[in-house]
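For reference, the structure discussed in these notes is given below.
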Amino acid sequence: MGDGWKLLAIEKNLGHQVTVVKLGNWDGKGIDEYYQTNQTYEPQNSSIYKTAKTKLRNVNFGFKKVLYRLWASYPTLKLFWYVWRNQSKYDILHVHSMWSIVFFVPFKPKLYEFHGDDVRVKPSMYSWLRRLPARVVVNVFGWNRKLVVSTPDLLSCVPGSVWLPNMVDTEHFYPMPELRVKGSALYCGMWYENGDHAIKYAEDNGLCLTVLERKKNDWVDYREFPKYLNQFEVFIDRKEIHSLSKTALEALACGLKVVDWEGNEHVGLPVNHLPDVVTENCLIKYRDWE
């Protein structure tokens, strides 16, 4: 569940049977469309979900509020029902952030993977109350080493966790030097920072800076993203989160120089983010909890 293409890589590279079960409409950059597979199951009626969410914003309290909340929860419950009904087909469940699955399949071996907002103290789009249940699950299951995080900065947020590096599809992201524009730099705007560090770095180094404003839903389709990245010489990463972002890793795979949160410069994708390495490490962790 979650960013299931990592699991599909296990199927492609190592021959294991994998089924990805996820909620729909979480595909802002067209990633799911790019990695189309008949093993992906999306049990969400987008019209029900969007309508319920819209109505929830317009209802204060009372019976109507409860009904709309149940309506909005229906796709998630449907997903959990699917997992419960099919759990016997699989040796282990790899769960991305959806900690509540523990109540539906309590005895099935599970690997929980956390990505950020659900467990990170700051910055996080979630309120402390919304993060509280995840913290409870982390504290209950952390002792049994069933928790992994996708970036090293989250290790301090999830006691007992281990780092499973994000994978970069190096067949999709690779250098295209013929597209490179000399003296160009890219920064992706984030809701939690103003990007002043990127502007300053570009000014200090004589770079022409392009800001991709994700805060304003300024996205590039995943299919075209490698070509877009390859237009630049430098990628200036986020500052408030002290780990390389997924986009920074993709930029490294494309041959860009990446500037991290401390102003350090990186060149070349680290080996531990290569697909073969990540899938092998993921299987090692599966075997630990079978």
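Note on naming: chains are A, B, ... as they come in the structure tokens, residues start from 1 per chain, ligands start from 1 in the order shown.
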
Using only C-alpha atoms, I'd like a table of the residues in region 166-248 of chain A that come within 7 Å of region 143-162 of chain A; for each, show the closest atom pair and its distance in Å rounded to one decimal, ordered by chain and ascending number, as a tab-separated table.
```
residue	atom	partner	partner_atom	distance
A:Asn166	CA	A:Ser150	CA	5.6
A:His242	CA	A:Asp153	CA	6.0
A:Ser243	CA	A:Asp153	CA	5.9
```

Using only C-alpha atoms, tabulate the residues of region 141-205 of chain A lying at most 12 Å from any atom of region 255-275 of chain A, each with its closest atom pair and that distance in Å to one decimal, by chain and increasing residue number, as a Markdown table.
```
| residue | atom | partner | partner_atom | distance |
| --- | --- | --- | --- | --- |
| A:Ser150 | CA | A:His273 | CA | 10.7 |
| A:Thr151 | CA | A:His273 | CA | 11.1 |
| A:Asp153 | CA | A:Trp261 | CA | 11.9 |
| A:Trp163 | CA | A:Asn272 | CA | 10.7 |
| A:Leu164 | CA | A:Asn272 | CA | 9.0 |
| A:Pro165 | CA | A:His273 | CA | 5.9 |
| A:Asn166 | CA | A:His273 | CA | 6.0 |
| A:Met167 | CA | A:His273 | CA | 4.8 |
| A:Val168 | CA | A:His273 | CA | 6.0 |
| A:Asp169 | CA | A:Pro275 | CA | 6.5 |
| A:Thr170 | CA | A:Leu274 | CA | 7.2 |
| A:Glu171 | CA | A:Pro275 | CA | 9.5 |
| A:His172 | CA | A:Pro275 | CA | 11.4 |
| A:Phe173 | CA | A:Gly255 | CA | 9.2 |
| A:Tyr174 | CA | A:Gly255 | CA | 7.1 |
| A:Pro175 | CA | A:Gly255 | CA | 5.1 |
| A:Met176 | CA | A:Gly255 | CA | 8.0 |
| A:Pro177 | CA | A:Gly255 | CA | 8.1 |
| A:Glu178 | CA | A:Gly255 | CA | 11.8 |
| A:Leu179 | CA | A:Gly255 | CA | 11.4 |
| A:Arg180 | CA | A:Leu256 | CA | 9.2 |
| A:Val181 | CA | A:Leu256 | CA | 11.1 |
| A:Lys182 | CA | A:Leu256 | CA | 11.3 |
| A:Gly183 | CA | A:Lys257 | CA | 11.5 |
| A:Ser184 | CA | A:Leu256 | CA | 10.3 |
| A:Ala185 | CA | A:Leu256 | CA | 9.3 |
| A:Leu186 | CA | A:Val258 | CA | 9.6 |
| A:Tyr187 | CA | A:Val259 | CA | 9.9 |
| A:Glu193 | CA | A:Trp261 | CA | 11.8 |
| A:Gly195 | CA | A:Trp261 | CA | 11.2 |
| A:His197 | CA | A:Gly263 | CA | 8.8 |
| A:Ala198 | CA | A:Val259 | CA | 9.0 |
| A:Lys200 | CA | A:Gly263 | CA | 10.8 |
| A:Tyr201 | CA | A:Gly263 | CA | 8.2 |
| A:Ala202 | CA | A:Val259 | CA | 10.6 |
| A:Asp204 | CA | A:Gly263 | CA | 11.8 |
| A:Asn205 | CA | A:Val259 | CA | 11.9 |
```

Quote the spacing between CA of Phe225 (chain A) and CA of Lys246 (chain A) in Å to one decimal place.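 Between CA of Phe225 (chain A) and CA of Lys246 (chain A) the gap is 12.5 Å.
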
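Between Leu111 (chain A) and the residues A:Tyr286, A:Val140, A:Asn194, A:Lys239, the shortest atom-to-atom distance, using only C-alpha atoms, involves A:Tyr286.
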
One decimal, Å: what's the distance from CA of Thr279 (chain A) over to CA of Asn139 (chain A), could you say?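 Going from CA of Thr279 (chain A) over to CA of Asn139 (chain A), I get 26.6 Å.
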
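Atom pair CA of Asp117 (chain A) / CA of Asn230 (chain A): separated by 29.0 Å.
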